[in-house]
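Engineer: Before we start, here is the structure in question, set down as structure tokens.
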Amino acid sequence: MDALRRYVFPLIWMLILAVIALSLARMAFFPADASGAAEDPDVPAAEFDQYAVVPVETSDIASELTLPATVQPDEGTELKATDEGEINKIWAREGDTVEKGQRILQVRVPEEPAPVDIPPEMPAEGTTDGATAGDGTDEGGAGAEPVEQPAPQPEETEQQYRYLTLYANAPGKISGLTLAEWESVATGDVVATISPGTYSIVAELTPEQQLSLLDVDIDASAILPTATDPVHCKAPGITEDAEVAKPEAPQIDPMTGEETTSSVSAAQLECAVPAGTKIVPGLSVEVTVKLGSATGVLTVPTTAAEGTGETGTVYMLDEATGEPTPVEVTLGLRGDGVVEITEGLEEGQEILQFVPGVDNPDDGMGGGEMW
């Protein structure tokens, strides 16, 4: 027992004190919030210089517009009944592939019978109006009551019909043909649709994007999962909506506290899928539209300019006050991280690298909008 009190217990207390000392040292030199900041990606590792400047440079630029799109089947051609009647014969069925001019169905249309002329009733010979023929006796003599003759009845005729054949007005596949024989149809009823069996890649366009495509020879290509190389769109075009929906009411961004409005699509970019391409409707793809290129033009980082279309603004530091001063410029092509300046700046001038008031230029919020 004396050995325990003399050697073992002091050793245990020394180990406890050593652990306490190590813990205190770790807390002093390695604070918990530092490790948390390293593990938390939302905590910025370094501050950026809001007053950093960059020179206006001469470089080459290529502008492209990348759009999310969806594969959609092309609209079919409607087949409509041209008269009212009954379907008495159907040659095509749902899903059949037909050629233009091929018979689809026949409609039996009843014909109205021709009107029959009924001659007026004539008095018998030897009588006058109100008298009937007799033998001179009182029964048939003057003053006798006239005998009514039955009116002639038209002969019953068999119902006549005329037959109208509905032909395919385009080649394709029959869809929506749900009618059966002896069902009635009215004039203008859609009896079937002929789908061409072709597809298009459709991308929604915001008004700003549509504006950037005006007076541009559209050169578009799509990246398909079934093709190793981008598929060139054949004769892409823009279709506009008949009615433009109103934008939604501004909403408050919970992160920044600023009002945001969603863009309204008023048009679509359509690219016809080349024949023979493996594709299915509803597939999500990307369309890249080439907007042009230029060599030896003035460019600045996109983070340095704000604005849409051709009107933009960059900022310089005022030599007297050291505060940012806006400079109106004319914007040109937008490239990968740079934008062309066509008017308002000269090569070598220094401008702010970031638009003032931007908290984080790397979050996609800095600089002017691309389109």
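Ordered as shown in the structure tokens, chains take letters A, B, and onward, while each chain numbers its residues from 1 and ligands are numbered from 1 in the order shown.
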Neighbours of segment 227-234 of chain A within 7 Å (only C-alpha atoms; same-chain residues fewer than 6 positions away dropped), as a PyMOL selection string?
Structural biologist: chain A and resi 220-221+271-274
Engineer: Listing only residues of segment 42-97 of chain A within 10 Å of segment 192-196 of chain A, what is the closest atom pair and its distance in Å (to one decimal) for each, using only C-alpha atoms, sorted by chain and residue number ascending, as JSON lines?
Structural biologist:
{"residue": "A:Pro73", "atom": "CA", "partner": "A:Ser195", "partner_atom": "CA", "distance": 8.4}
{"residue": "A:Asp74", "atom": "CA", "partner": "A:Pro196", "partner_atom": "CA", "distance": 6.9}
{"residue": "A:Glu75", "atom": "CA", "partner": "A:Ser195", "partner_atom": "CA", "distance": 6.6}
{"residue": "A:Gly76", "atom": "CA", "partner": "A:Ser195", "partner_atom": "CA", "distance": 4.1}
{"residue": "A:Thr77", "atom": "CA", "partner": "A:Ile194", "partner_atom": "CA", "distance": 5.1}
{"residue": "A:Glu78", "atom": "CA", "partner": "A:Thr193", "partner_atom": "CA", "distance": 4.5}
{"residue": "A:Leu79", "atom": "CA", "partner": "A:Ala192", "partner_atom": "CA", "distance": 5.3}
{"residue": "A:Lys80", "atom": "CA", "partner": "A:Ala192", "partner_atom": "CA", "distance": 7.5}
{"residue": "A:Ala81", "atom": "CA", "partner": "A:Ala192", "partner_atom": "CA", "distance": 9.6}
{"residue": "A:Arg93", "atom": "CA", "partner": "A:Ala192", "partner_atom": "CA", "distance": 9.8}
{"residue": "A:Glu94", "atom": "CA", "partner": "A:Ala192", "partner_atom": "CA", "distance": 8.7}
{"residue": "A:Gly95", "atom": "CA", "partner": "A:Ile194", "partner_atom": "CA", "distance": 9.4}
{"residue": "A:Asp96", "atom": "CA", "partner": "A:Ile194", "partner_atom": "CA", "distance": 9.5}
{"residue": "A:Thr97", "atom": "CA", "partner": "A:Ile194", "partner_atom": "CA", "distance": 8.7}
Engineer: Assign secondary structure with DSSP using the backbone only, and return the residues of segment 196-367 of chain A in alpha helix (DSSP H) as an MDAnalysis selection string.
Structural biologist: chainID A and resid 207:212
Engineer: Out of A:Arg26, A:Arg334, A:Arg103, A:Lys278, which residue has the shortest atom-to-atom distance to Asn169 of chain A when counting only C-alpha atoms?
Structural biologist: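 The answer is A:Arg103, which sits nearest to Asn169 of chain A.
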